[in-house]
Amino acid sequence: MQETIFSLLDVERVYTLGATGWFHRETRQLKALDGVRLELKRGDTLALVGESGSGKSTLIRLMLGLEPASDGRVLYGQHDLAHLDAEARKRFAREVAFIYQNARGSMNPRMRIADILAEPIRLHRLCEEQAIPARVEALIARVGLPAGLLQRFPGELSGGQVRRIAIARALAAEPTVIMADESVAGLDVSVQAQVLNLLRDLCRESGITLVFITHDLGVASYLCEKIAVLYLGRIVEQGPTHDILSAPRHPYTKALLQAFPRFDAPLCASLKGEIPSPVNLPKGCRFAGRCAQVQPACLEVDPPLTLLTPERQVACLFPVVNPC
Amino acid sequence: MSHALDLSASIQASSWRRRFLQPLMRQRSAVVGLVIILAYVLAALFAPWLATHDPTAQDLGAALQGPSAAHWLGTDSFGQDLYSRLLYGAQLALIIGFASVALGLVVGVAIGLAAGLIGGRTEWVLMRIVDGLLAFPELILAMAFMAVLGLGTENLVYALALSFVGPFARMTRGDVLQVKSQPFIEAARLMGVPTLAIIWRHVLPNVVSPILVQAGMRVSIAILLESGLSFLGIGVVPPTPDWGLMIAEGRGFITIAPWISGVPGVALAILLVALNLLGDGLRDAFDPNTQKDA
Ligand SMILES: Nc1ncnc2c1ncn2[C@@H]1O[C@H](COP(=O)(O)OP(=O)(O)O)[C@@H](O)[C@H]1O
Ligand code: SF4
Ligand SMILES: [Mg+2]
């Protein structure tokens with residue numbers, strides 16, 4: 001039985017918008033996350049997929065404790081993330097590493113790469129001061145970059161190099177969990193493949209638990225054993241990658257797969273319309289407006305994420321039975 | 001091992017050159033300004049050896065003389081040697097200029113850092129004080145404080161420094177707030193970097209360069225204000241060799257002995273132009289916020 005690292009219990013995150021002027025006092029509620037249930041076990045590799053604006057970044061920021069949950073609880077092991085004591089917080093900082101979507105912005109532009117990589121090592125006293133340069137060189141070699149870059153500043157590196165430095169920094173603290181937000185989006189295909197291979201090898205060799213955000217199902221299936229599909233702030237389907245890709249149970253997942261061309265599947269009708277705004281969600285299922293098999297009940301009842309089989313969960317009143 | 005050290009030292013030196021010297025050297029006018037300022041600094045440093053007379057020695061028998069072998073730039077109405085007074089005047093102008101800016105910078109940056117880093121009520125109180133200081137133009141503020149403190153070189157430094165506290169504080173706070181909202185600060189916090197280390201290692205290095213650029217530009221304002229106040233008779237006390245005072249003293253003789261006002265006037269004008277050239281160059285080279293579109 002694997003140990004559970006993260007549990008999210010009906011987590012909600014509401015942003016209050018509005019109050020734009022002296023006389024405009026009415027505010028609107030934006031539900032970036034709504035009723036998210038998630039369990040992450042040690043050694044899991046989980047991909048969070050969904051369209052832009054579906055709440056992927058918000059979810060990961062909540063799991064990192066960077067933002068509070070408006071409702072529900074985020075547990076790290078047995079402890080509520082919102083009430084960690086100083087000791088536990090320190091352990092969390094060491095065990096969980098985050099790779100920012102904006103890798104360049106997450107590095108101090110006035111620090112050399114060598115110092116950026118040495119910072120977590122020094123901070124957690126992972127080795128003697130004299131051994132740090134060797135360790136930093138090992139790190140940069142591990143992400144496949146030349147040691148010559150160590151004396152450079154982040155602004156002098158290319159986009160792909162900066163992403164790999166960000167990965168190296170995440171590895172520096174020897175974390176057990178790595179979270180990465182769109183770490184390959186916008187990269188050249190070849191660089192993207194290098195970064196993905198690097199992450200995959202890491203997970204295989206060191207048994208690191210990985211949470212990887214992507215809007216690319218191909219990337220998700222290559223890197224991760226599990227997938228959670230987000231739609232408008234809720235996980236609508238979750239389960240083993242292979243099962244989900246071969247037999248999607250949620251109409252949204254099915255539509256995503258159809259929009260994502262595969263040589264062995266016919267291209268059916270893809271998603272119609274745009275993702276609606278998460279402000280003032282309508283009653284009933286949040287996908288009803290775009291669902292191909294919407295029924296009257298869907299407009300009344302908001303389906304929560306429920307177990308379908310021990311491994312799979314889906315948030316739909318009428319799960320797809322025979323995939324196309 | 002020592003070879004490796006040499007290598008990394010030379011890499012650091014060359015990158016210092018790349019990051020600091022080269023961008024500045026690319027600014028032609030900044031180099032011209034720098035050269036002129038260096039000349040003034042040398043003149044000020046070596047004034048005791050370069051001067052031909054005691055700058056405050058009066059010789060009424062030799063008053064109002066034009067340039068001659070004995071008095072290279074002539075004499076004023078008290079028979080004081082203008083060349084010697086000019087050299088010591090450079091010393092005074094540079095000392096007052098740099099000292100007042102340095103003092104204003106230290107106090108202003110401290111206030112700005114405290115406001116930006118602590119926030120909340122502390123920030124509110126500090127920024128209301130700063131607003132109060134900024135409500136008056138520098139010259140008026142300095143004049144008011146000279147009136148309170150009394151004449152004299154030291155008081156002039158304090159008055160000018162005070163007039164610079166507001167601008168430095170406001171700018172520092174703005175930069176601190178801007179840097180604090182950057183992802184790398186959050187990333188450091190997430191890694192567990194202690195707050196003081198975040199301030200020291202991540203916030204401060206990212207706010208120093210605009211502050212130093214601003215300080216460079218303020219020096220010329222300080223020297224102009226210093227000369228102006230002395231000219232108006234509320235700065236340093238006569239017979240201190242001060243350019244503002246010298247210009248004021250020459251006013252009455254402008255038709256018969258124009259060099260008395262002219263010599264310090266030209267010296268002041270050239271120094272101010274040079275300081276502004278260097279200040280603009282520093283800004284264009286190092287301050288990304290106000291960088292001109294090239
Ligand atoms: N700080 C914030 N204030 C207001 N709305 C926000 C904030 N952060 C995110 N949102 C909103 O929450 C929703 C989810 O955003 P995000 O988590 O960034 O999605 P994703 O990463 O999947 O693209 C979006 O509609 C976004 O506009
Ligand atoms: S609940 Fe109804 S509308 Fe929602 S996804 Fe399922 S079938 Fe479609
Ligand atoms: Mg995002």
# chains A, B, ... in the order shown; residues from 1 in each chain; ligands from 1
call {"tool": "residues_near_ligand", "arguments": {"ligand": "ligand 3", "cutoff": "10 Å", "atoms": "only C-alpha atoms and all ligand atoms", "output": "number ranges by chain"}}
result
A: 50-61, 100-102, 181-182, 213-215
call {"tool": "write_last_selection", "arguments": {"atoms": "all heavy atoms", "output": "compact mmCIF listing (two decimals), in the first residue's frame"}}
result
# COMPACT_ATOMS: atom_id res chain seq x y z
N GLY A 50 -6.02 20.08 -19.28
CA GLY A 50 -7.23 20.90 -19.42
C GLY A 50 -6.88 22.12 -20.24
O GLY A 50 -5.71 22.47 -20.40
N GLU A 51 -7.94 22.74 -20.76
CA GLU A 51 -7.71 23.93 -21.57
C GLU A 51 -7.18 25.05 -20.70
O GLU A 51 -7.26 25.00 -19.47
CB GLU A 51 -9.05 24.37 -22.20
CG GLU A 51 -9.52 23.48 -23.32
CD GLU A 51 -10.97 23.73 -23.65
OE1 GLU A 51 -11.84 23.25 -22.91
OE2 GLU A 51 -11.24 24.42 -24.63
N SER A 52 -6.66 26.08 -21.35
CA SER A 52 -6.18 27.24 -20.63
C SER A 52 -7.34 27.87 -19.85
O SER A 52 -8.43 28.01 -20.37
CB SER A 52 -5.60 28.24 -21.63
OG SER A 52 -5.33 29.43 -20.98
N GLY A 53 -7.10 28.20 -18.60
CA GLY A 53 -8.15 28.81 -17.78
C GLY A 53 -8.96 27.80 -17.01
O GLY A 53 -9.91 28.15 -16.31
N SER A 54 -8.61 26.51 -17.11
CA SER A 54 -9.41 25.50 -16.41
C SER A 54 -9.02 25.38 -14.94
O SER A 54 -9.69 24.66 -14.19
CB SER A 54 -9.26 24.15 -17.11
OG SER A 54 -7.91 23.80 -17.24
N GLY A 55 -7.97 26.07 -14.51
CA GLY A 55 -7.62 26.07 -13.09
C GLY A 55 -6.42 25.20 -12.74
O GLY A 55 -6.19 24.95 -11.56
N LYS A 56 -5.65 24.79 -13.73
CA LYS A 56 -4.50 23.92 -13.46
C LYS A 56 -3.48 24.62 -12.58
O LYS A 56 -3.02 24.06 -11.57
CB LYS A 56 -3.83 23.50 -14.79
CG LYS A 56 -4.79 22.88 -15.79
CD LYS A 56 -4.07 22.43 -17.04
CE LYS A 56 -3.50 23.54 -17.89
NZ LYS A 56 -4.51 24.39 -18.53
N SER A 57 -3.11 25.84 -12.96
CA SER A 57 -2.09 26.55 -12.18
C SER A 57 -2.60 26.83 -10.77
O SER A 57 -1.86 26.70 -9.79
CB SER A 57 -1.73 27.87 -12.86
OG SER A 57 -1.15 27.61 -14.12
N THR A 58 -3.86 27.22 -10.66
CA THR A 58 -4.42 27.50 -9.35
C THR A 58 -4.36 26.25 -8.47
O THR A 58 -3.97 26.33 -7.29
CB THR A 58 -5.88 27.96 -9.49
OG1 THR A 58 -5.92 29.05 -10.41
CG2 THR A 58 -6.44 28.41 -8.16
N LEU A 59 -4.68 25.11 -9.04
CA LEU A 59 -4.66 23.87 -8.27
C LEU A 59 -3.26 23.57 -7.74
O LEU A 59 -3.07 23.24 -6.55
CB LEU A 59 -5.15 22.71 -9.16
CG LEU A 59 -5.13 21.33 -8.53
CD1 LEU A 59 -5.94 21.32 -7.25
CD2 LEU A 59 -5.70 20.29 -9.50
N ILE A 60 -2.26 23.74 -8.60
CA ILE A 60 -0.90 23.42 -8.17
C ILE A 60 -0.42 24.43 -7.13
O ILE A 60 0.30 24.09 -6.19
CB ILE A 60 0.03 23.33 -9.40
CG1 ILE A 60 1.01 22.18 -9.20
CG2 ILE A 60 0.78 24.59 -9.65
CD1 ILE A 60 1.73 21.78 -10.46
N ARG A 61 -0.85 25.68 -7.27
CA ARG A 61 -0.43 26.69 -6.29
C ARG A 61 -1.05 26.41 -4.92
O ARG A 61 -0.45 26.66 -3.89
CB ARG A 61 -0.80 28.09 -6.78
CG ARG A 61 0.04 28.55 -7.97
CD ARG A 61 -0.39 29.90 -8.48
NE ARG A 61 -0.22 30.94 -7.48
CZ ARG A 61 0.93 31.52 -7.22
NH1 ARG A 61 2.00 31.19 -7.90
NH2 ARG A 61 1.02 32.44 -6.29
N TYR A 100 8.54 26.54 -12.14
CA TYR A 100 7.58 27.55 -12.58
C TYR A 100 7.37 27.50 -14.09
O TYR A 100 8.28 27.17 -14.86
CB TYR A 100 8.10 28.94 -12.22
CG TYR A 100 7.80 29.34 -10.79
CD1 TYR A 100 8.54 28.84 -9.75
CD2 TYR A 100 6.78 30.23 -10.51
CE1 TYR A 100 8.27 29.20 -8.44
CE2 TYR A 100 6.49 30.61 -9.22
CZ TYR A 100 7.24 30.09 -8.19
OH TYR A 100 6.96 30.45 -6.91
N GLN A 101 6.15 27.87 -14.46
CA GLN A 101 5.84 28.01 -15.89
C GLN A 101 6.76 29.08 -16.49
O GLN A 101 7.32 28.90 -17.55
CB GLN A 101 4.38 28.45 -16.02
CG GLN A 101 3.93 28.65 -17.44
CD GLN A 101 2.41 28.69 -17.56
OE1 GLN A 101 1.71 28.80 -16.56
NE2 GLN A 101 1.91 28.59 -18.77
N ASN A 102 6.92 30.16 -15.76
CA ASN A 102 7.81 31.24 -16.17
C ASN A 102 9.18 30.98 -15.55
O ASN A 102 9.55 31.55 -14.54
CB ASN A 102 7.22 32.57 -15.69
CG ASN A 102 8.13 33.74 -15.98
OD1 ASN A 102 9.17 33.60 -16.59
ND2 ASN A 102 7.72 34.91 -15.50
N ASP A 181 4.81 23.30 -13.91
CA ASP A 181 3.71 23.97 -14.60
C ASP A 181 4.12 24.26 -16.04
O ASP A 181 4.99 25.09 -16.29
CB ASP A 181 3.36 25.28 -13.87
CG ASP A 181 2.03 25.86 -14.34
OD1 ASP A 181 1.53 25.40 -15.39
OD2 ASP A 181 1.51 26.75 -13.66
N GLU A 182 3.52 23.56 -16.98
CA GLU A 182 3.76 23.79 -18.41
C GLU A 182 5.25 23.91 -18.72
O GLU A 182 5.68 24.84 -19.37
CB GLU A 182 3.07 25.10 -18.85
CG GLU A 182 1.60 25.17 -18.49
CD GLU A 182 0.68 24.82 -19.64
OE1 GLU A 182 1.17 24.25 -20.63
OE2 GLU A 182 -0.52 25.10 -19.53
N ILE A 213 1.75 19.74 -15.14
CA ILE A 213 0.66 20.43 -15.83
C ILE A 213 0.95 20.51 -17.31
O ILE A 213 2.07 20.84 -17.70
CB ILE A 213 0.51 21.86 -15.27
CG1 ILE A 213 -0.08 21.82 -13.88
CG2 ILE A 213 -0.36 22.70 -16.19
CD1 ILE A 213 -0.40 23.19 -13.35
N THR A 214 -0.03 20.20 -18.10
CA THR A 214 0.15 20.37 -19.54
C THR A 214 -1.21 20.51 -20.19
O THR A 214 -2.22 20.09 -19.64
CB THR A 214 0.91 19.18 -20.14
OG1 THR A 214 0.97 19.34 -21.56
CG2 THR A 214 0.22 17.86 -19.83
N HIS A 215 -1.25 21.17 -21.33
CA HIS A 215 -2.52 21.17 -22.06
C HIS A 215 -2.40 20.23 -23.24
O HIS A 215 -3.25 20.21 -24.12
CB HIS A 215 -2.91 22.59 -22.49
CG HIS A 215 -1.85 23.30 -23.26
ND1 HIS A 215 -1.24 24.43 -22.80
CD2 HIS A 215 -1.28 23.01 -24.44
CE1 HIS A 215 -0.34 24.82 -23.68
NE2 HIS A 215 -0.34 23.97 -24.68
call {"tool": "interface_residues", "arguments": {"of": "chain B", "to": "chain A", "cutoff": "8 Å", "atoms": "only C-alpha atoms", "output": "PDB file with all heavy atoms, in the first residue's frame"}}
result
ATOM      1  N   ILE B  11      37.080  35.080 -15.426  1.00  0.00           N
ATOM      2  CA  ILE B  11      35.725  35.103 -15.975  1.00  0.00           C
ATOM      3  C   ILE B  11      34.907  36.179 -15.273  1.00  0.00           C
ATOM      4  O   ILE B  11      34.199  36.961 -15.893  1.00  0.00           O
ATOM      5  CB  ILE B  11      35.044  33.726 -15.821  1.00  0.00           C
ATOM      6  CG1 ILE B  11      35.672  32.745 -16.796  1.00  0.00           C
ATOM      7  CG2 ILE B  11      33.550  33.827 -16.082  1.00  0.00           C
ATOM      8  CD1 ILE B  11      35.220  31.329 -16.596  1.00  0.00           C
ATOM      9  N   GLN B  12      35.082  36.238 -13.934  1.00  0.00           N
ATOM     10  CA  GLN B  12      34.314  37.237 -13.189  1.00  0.00           C
ATOM     11  C   GLN B  12      34.724  38.644 -13.598  1.00  0.00           C
ATOM     12  O   GLN B  12      33.889  39.504 -13.798  1.00  0.00           O
ATOM     13  CB  GLN B  12      34.558  37.068 -11.690  1.00  0.00           C
ATOM     14  CG  GLN B  12      34.158  35.682 -11.220  1.00  0.00           C
ATOM     15  CD  GLN B  12      33.428  35.714  -9.918  1.00  0.00           C
ATOM     16  OE1 GLN B  12      33.680  36.581  -9.105  1.00  0.00           O
ATOM     17  NE2 GLN B  12      32.512  34.810  -9.720  1.00  0.00           N
ATOM     18  N   GLN B 182       7.854  39.851  -7.984  1.00  0.00           N
ATOM     19  CA  GLN B 182       8.421  38.985  -9.031  1.00  0.00           C
ATOM     20  C   GLN B 182       8.360  37.519  -8.607  1.00  0.00           C
ATOM     21  O   GLN B 182       8.489  37.209  -7.425  1.00  0.00           O
ATOM     22  CB  GLN B 182       9.886  39.351  -9.269  1.00  0.00           C
ATOM     23  CG  GLN B 182      10.113  40.781  -9.659  1.00  0.00           C
ATOM     24  CD  GLN B 182      10.082  40.964 -11.150  1.00  0.00           C
ATOM     25  OE1 GLN B 182      10.567  40.117 -11.886  1.00  0.00           O
ATOM     26  NE2 GLN B 182       9.505  42.053 -11.602  1.00  0.00           N
ATOM     27  N   PRO B 183       8.219  36.622  -9.589  1.00  0.00           N
ATOM     28  CA  PRO B 183       8.133  35.195  -9.239  1.00  0.00           C
ATOM     29  C   PRO B 183       9.372  34.681  -8.494  1.00  0.00           C
ATOM     30  O   PRO B 183       9.253  33.776  -7.671  1.00  0.00           O
ATOM     31  CB  PRO B 183       8.007  34.500 -10.592  1.00  0.00           C
ATOM     32  CG  PRO B 183       7.615  35.537 -11.557  1.00  0.00           C
ATOM     33  CD  PRO B 183       8.027  36.858 -11.025  1.00  0.00           C
ATOM     34  N   PHE B 184      10.563  35.242  -8.752  1.00  0.00           N
ATOM     35  CA  PHE B 184      11.737  34.636  -8.119  1.00  0.00           C
ATOM     36  C   PHE B 184      11.750  34.852  -6.608  1.00  0.00           C
ATOM     37  O   PHE B 184      12.383  34.085  -5.875  1.00  0.00           O
ATOM     38  CB  PHE B 184      13.054  35.098  -8.774  1.00  0.00           C
ATOM     39  CG  PHE B 184      13.389  36.550  -8.633  1.00  0.00           C
ATOM     40  CD1 PHE B 184      14.035  37.032  -7.509  1.00  0.00           C
ATOM     41  CD2 PHE B 184      13.088  37.437  -9.658  1.00  0.00           C
ATOM     42  CE1 PHE B 184      14.370  38.367  -7.405  1.00  0.00           C
ATOM     43  CE2 PHE B 184      13.417  38.776  -9.558  1.00  0.00           C
ATOM     44  CZ  PHE B 184      14.061  39.240  -8.425  1.00  0.00           C
ATOM     45  N   ILE B 185      11.031  35.875  -6.137  1.00  0.00           N
ATOM     46  CA  ILE B 185      10.928  36.064  -4.693  1.00  0.00           C
ATOM     47  C   ILE B 185      10.038  34.970  -4.099  1.00  0.00           C
ATOM     48  O   ILE B 185      10.378  34.342  -3.090  1.00  0.00           O
ATOM     49  CB  ILE B 185      10.332  37.457  -4.379  1.00  0.00           C
ATOM     50  CG1 ILE B 185      11.224  38.550  -4.949  1.00  0.00           C
ATOM     51  CG2 ILE B 185      10.116  37.636  -2.885  1.00  0.00           C
ATOM     52  CD1 ILE B 185      12.563  38.678  -4.285  1.00  0.00           C
ATOM     53  N   GLU B 186       8.921  34.714  -4.782  1.00  0.00           N
ATOM     54  CA  GLU B 186       8.035  33.647  -4.323  1.00  0.00           C
ATOM     55  C   GLU B 186       8.749  32.305  -4.397  1.00  0.00           C
ATOM     56  O   GLU B 186       8.633  31.471  -3.490  1.00  0.00           O
ATOM     57  CB  GLU B 186       6.780  33.618  -5.203  1.00  0.00           C
ATOM     58  CG  GLU B 186       5.712  32.694  -4.688  1.00  0.00           C
ATOM     59  CD  GLU B 186       4.608  32.512  -5.718  1.00  0.00           C
ATOM     60  OE1 GLU B 186       4.770  31.685  -6.630  1.00  0.00           O
ATOM     61  OE2 GLU B 186       3.594  33.202  -5.603  1.00  0.00           O
ATOM     62  N   ALA B 187       9.530  32.108  -5.465  1.00  0.00           N
ATOM     63  CA  ALA B 187      10.260  30.849  -5.615  1.00  0.00           C
ATOM     64  C   ALA B 187      11.232  30.659  -4.451  1.00  0.00           C
ATOM     65  O   ALA B 187      11.363  29.557  -3.911  1.00  0.00           O
ATOM     66  CB  ALA B 187      11.012  30.833  -6.950  1.00  0.00           C
ATOM     67  N   LEU B 190       9.365  29.702  -1.416  1.00  0.00           N
ATOM     68  CA  LEU B 190       8.919  28.318  -1.531  1.00  0.00           C
ATOM     69  C   LEU B 190      10.051  27.345  -1.228  1.00  0.00           C
ATOM     70  O   LEU B 190       9.844  26.287  -0.640  1.00  0.00           O
ATOM     71  CB  LEU B 190       8.404  28.090  -2.955  1.00  0.00           C
ATOM     72  CG  LEU B 190       7.581  26.845  -3.224  1.00  0.00           C
ATOM     73  CD1 LEU B 190       6.366  26.821  -2.332  1.00  0.00           C
ATOM     74  CD2 LEU B 190       7.169  26.821  -4.684  1.00  0.00           C
ATOM     75  N   MET B 191      11.274  27.720  -1.616  1.00  0.00           N
ATOM     76  CA  MET B 191      12.418  26.857  -1.331  1.00  0.00           C
ATOM     77  C   MET B 191      12.781  26.894   0.145  1.00  0.00           C
ATOM     78  O   MET B 191      13.635  26.146   0.591  1.00  0.00           O
ATOM     79  CB  MET B 191      13.632  27.300  -2.158  1.00  0.00           C
ATOM     80  CG  MET B 191      13.553  26.898  -3.607  1.00  0.00           C
ATOM     81  SD  MET B 191      15.124  27.160  -4.438  1.00  0.00           S
ATOM     82  CE  MET B 191      15.258  28.917  -4.482  1.00  0.00           C
ATOM     83  N   GLY B 192      12.190  27.825   0.873  1.00  0.00           N
ATOM     84  CA  GLY B 192      12.468  27.899   2.302  1.00  0.00           C
ATOM     85  C   GLY B 192      13.575  28.878   2.659  1.00  0.00           C
ATOM     86  O   GLY B 192      14.113  28.816   3.759  1.00  0.00           O
ATOM     87  N   VAL B 193      13.925  29.792   1.744  1.00  0.00           N
ATOM     88  CA  VAL B 193      14.949  30.787   2.054  1.00  0.00           C
ATOM     89  C   VAL B 193      14.408  31.721   3.142  1.00  0.00           C
ATOM     90  O   VAL B 193      13.299  32.233   3.010  1.00  0.00           O
ATOM     91  CB  VAL B 193      15.321  31.606   0.801  1.00  0.00           C
ATOM     92  CG1 VAL B 193      16.424  32.599   1.116  1.00  0.00           C
ATOM     93  CG2 VAL B 193      15.728  30.688  -0.334  1.00  0.00           C
ATOM     94  N   HIS B 202      18.046  38.636  -2.678  1.00  0.00           N
ATOM     95  CA  HIS B 202      17.167  38.709  -3.846  1.00  0.00           C
ATOM     96  C   HIS B 202      16.555  40.086  -4.062  1.00  0.00           C
ATOM     97  O   HIS B 202      16.355  40.488  -5.194  1.00  0.00           O
ATOM     98  CB  HIS B 202      16.062  37.660  -3.735  1.00  0.00           C
ATOM     99  CG  HIS B 202      16.591  36.258  -3.724  1.00  0.00           C
ATOM    100  ND1 HIS B 202      17.127  35.656  -4.834  1.00  0.00           N
ATOM    101  CD2 HIS B 202      16.707  35.356  -2.736  1.00  0.00           C
ATOM    102  CE1 HIS B 202      17.530  34.433  -4.535  1.00  0.00           C
ATOM    103  NE2 HIS B 202      17.282  34.227  -3.261  1.00  0.00           N
ATOM    104  N   PRO B 205      19.910  43.394  -4.335  1.00  0.00           N
ATOM    105  CA  PRO B 205      20.699  43.506  -5.577  1.00  0.00           C
ATOM    106  C   PRO B 205      19.861  43.978  -6.760  1.00  0.00           C
ATOM    107  O   PRO B 205      20.398  44.519  -7.716  1.00  0.00           O
ATOM    108  CB  PRO B 205      21.210  42.082  -5.815  1.00  0.00           C
ATOM    109  CG  PRO B 205      21.148  41.430  -4.492  1.00  0.00           C
ATOM    110  CD  PRO B 205      19.978  42.028  -3.787  1.00  0.00           C
ATOM    111  N   ASN B 206      18.546  43.792  -6.685  1.00  0.00           N
ATOM    112  CA  ASN B 206      17.705  44.197  -7.799  1.00  0.00           C
ATOM    113  C   ASN B 206      17.184  45.613  -7.676  1.00  0.00           C
ATOM    114  O   ASN B 206      16.478  46.080  -8.568  1.00  0.00           O
ATOM    115  CB  ASN B 206      16.540  43.217  -7.960  1.00  0.00           C
ATOM    116  CG  ASN B 206      16.995  41.928  -8.591  1.00  0.00           C
ATOM    117  OD1 ASN B 206      17.273  41.884  -9.772  1.00  0.00           O
ATOM    118  ND2 ASN B 206      17.118  40.892  -7.781  1.00  0.00           N
TER     119      ASN B 206
END
call {"tool": "residues_near_ligand", "arguments": {"ligand": "ligand 2", "cutoff": "9 Å", "atoms": "only C-alpha atoms and all ligand atoms", "output": "list in words"}}
result
Val236, His250, Pro251, Tyr252, Gly284, Cys285, Arg286, Phe287, Ala288, Gly289, Arg290, Cys291, Ala292, Gln293, Val294, Gln295, Pro296, Ala297, Cys298, Leu299, Val301, Asp302, Pro303, Ala315, Cys316, Leu317, Phe318, Pro319 and Val320 of chain A
call {"tool": "residues_around", "arguments": {"residues": "range 241-246 of chain A", "least_positions_apart": "5", "cutoff": "9 Å", "atoms": "only C-alpha atoms", "output": "ChimeraX atom specification"}}
result
/A:46-47,217,220-221,224-228,253-254,257,312,323
call {"tool": "residues_around", "arguments": {"residues": "Leu139 in chain B", "least_positions_apart": "5", "cutoff": "10 Å", "atoms": "only C-alpha atoms", "output": "count of residues only"}}
result
12
call {"tool": "closest_residue", "arguments": {"among": "B:Arg17, B:Arg128, B:Arg218, B:Arg283", "to": "Ala99 in chain B", "atoms": "only C-alpha atoms"}}
result
B:Arg218
call {"tool": "atom_distance", "arguments": {"atom1": "CA of Gly233 in chain B", "atom2": "CA of Glu249 in chain B"}}
result
10.3 Å
call {"tool": "residues_around", "arguments": {"residues": "Arg85 in chain B", "least_positions_apart": "4", "cutoff": "8 Å", "atoms": "only C-alpha atoms", "output": "number ranges by chain"}}
result
B: 55-56, 80-81, 89, 241-242
call {"tool": "select_by_dssp", "arguments": {"residues": "range 75-110 of chain A", "states": "alpha helix (DSSP H)", "output": "NGL selection string"}}
result
:A and (86-95)
call {"tool": "write_last_selection", "arguments": {"atoms": "all heavy atoms", "output": "short mmCIF file (atom, residue, chain, number, x, y, z; two decimals), in the first residue's frame"}}
result
data_model
loop_
_atom_site.label_atom_id
_atom_site.label_comp_id
_atom_site.auth_asym_id
_atom_site.auth_seq_id
_atom_site.Cartn_x
_atom_site.Cartn_y
_atom_site.Cartn_z
N ALA A 86 6.57 25.49 11.96
CA ALA A 86 7.81 25.91 11.30
C ALA A 86 8.63 24.72 10.84
O ALA A 86 9.18 24.69 9.73
CB ALA A 86 8.63 26.79 12.24
N GLU A 87 8.68 23.70 11.70
CA GLU A 87 9.47 22.50 11.39
C GLU A 87 8.92 21.79 10.15
O GLU A 87 9.65 21.48 9.21
CB GLU A 87 9.42 21.57 12.62
CG GLU A 87 10.35 20.40 12.55
CD GLU A 87 11.81 20.85 12.50
OE1 GLU A 87 12.14 21.90 13.09
OE2 GLU A 87 12.59 20.16 11.85
N ALA A 88 7.60 21.60 10.14
CA ALA A 88 6.96 20.90 9.03
C ALA A 88 7.06 21.72 7.75
O ALA A 88 7.23 21.18 6.66
CB ALA A 88 5.50 20.62 9.37
N ARG A 89 6.97 23.03 7.89
CA ARG A 89 7.06 23.90 6.72
C ARG A 89 8.44 23.77 6.07
O ARG A 89 8.58 23.73 4.86
CB ARG A 89 6.82 25.35 7.16
CG ARG A 89 6.53 26.30 6.02
CD ARG A 89 6.13 27.65 6.57
NE ARG A 89 4.95 27.57 7.42
CZ ARG A 89 3.70 27.49 6.94
NH1 ARG A 89 3.51 27.49 5.64
NH2 ARG A 89 2.68 27.41 7.75
N LYS A 90 9.45 23.67 6.93
CA LYS A 90 10.82 23.54 6.43
C LYS A 90 10.98 22.22 5.68
O LYS A 90 11.59 22.16 4.62
CB LYS A 90 11.79 23.60 7.62
CG LYS A 90 13.10 24.24 7.28
CD LYS A 90 13.92 24.48 8.53
CE LYS A 90 15.38 24.49 8.17
NZ LYS A 90 16.24 24.49 9.34
N ARG A 91 10.39 21.17 6.26
CA ARG A 91 10.48 19.87 5.62
C ARG A 91 9.75 19.89 4.28
O ARG A 91 10.23 19.39 3.28
CB ARG A 91 9.89 18.79 6.55
CG ARG A 91 10.21 17.39 6.16
CD ARG A 91 10.28 16.47 7.38
NE ARG A 91 9.32 16.82 8.42
CZ ARG A 91 8.04 16.46 8.40
NH1 ARG A 91 7.56 15.76 7.41
NH2 ARG A 91 7.25 16.82 9.39
N PHE A 92 8.59 20.55 4.28
CA PHE A 92 7.83 20.68 3.04
C PHE A 92 8.66 21.39 1.97
O PHE A 92 8.72 20.96 0.82
CB PHE A 92 6.53 21.45 3.31
CG PHE A 92 5.63 21.57 2.12
CD1 PHE A 92 4.73 20.57 1.81
CD2 PHE A 92 5.68 22.69 1.30
CE1 PHE A 92 3.89 20.67 0.72
CE2 PHE A 92 4.84 22.80 0.20
CZ PHE A 92 3.95 21.79 -0.09
N ALA A 93 9.32 22.49 2.37
CA ALA A 93 10.13 23.26 1.42
C ALA A 93 11.23 22.40 0.82
O ALA A 93 11.60 22.56 -0.34
CB ALA A 93 10.74 24.48 2.13
N ARG A 94 11.74 21.48 1.61
CA ARG A 94 12.82 20.64 1.11
C ARG A 94 12.29 19.50 0.25
O ARG A 94 12.88 19.14 -0.76
CB ARG A 94 13.58 20.10 2.32
CG ARG A 94 14.27 18.81 2.08
CD ARG A 94 15.75 18.88 2.28
NE ARG A 94 16.36 17.76 1.62
CZ ARG A 94 17.01 16.80 2.25
NH1 ARG A 94 17.16 16.88 3.56
NH2 ARG A 94 17.52 15.82 1.59
N GLU A 95 11.14 18.95 0.65
CA GLU A 95 10.65 17.74 -0.02
C GLU A 95 9.90 18.01 -1.32
O GLU A 95 9.84 17.16 -2.19
CB GLU A 95 9.74 16.95 0.93
CG GLU A 95 10.51 16.28 2.04
CD GLU A 95 9.60 15.66 3.10
OE1 GLU A 95 8.37 15.82 3.01
OE2 GLU A 95 10.15 15.04 4.01
#
call {"tool": "residues_around", "arguments": {"residues": "Ser29 in chain B", "least_positions_apart": "3", "cutoff": "7 Å", "atoms": "only C-alpha atoms", "output": "list of chain:residue names"}}
result
B:Val32, B:Gly33, B:Leu277
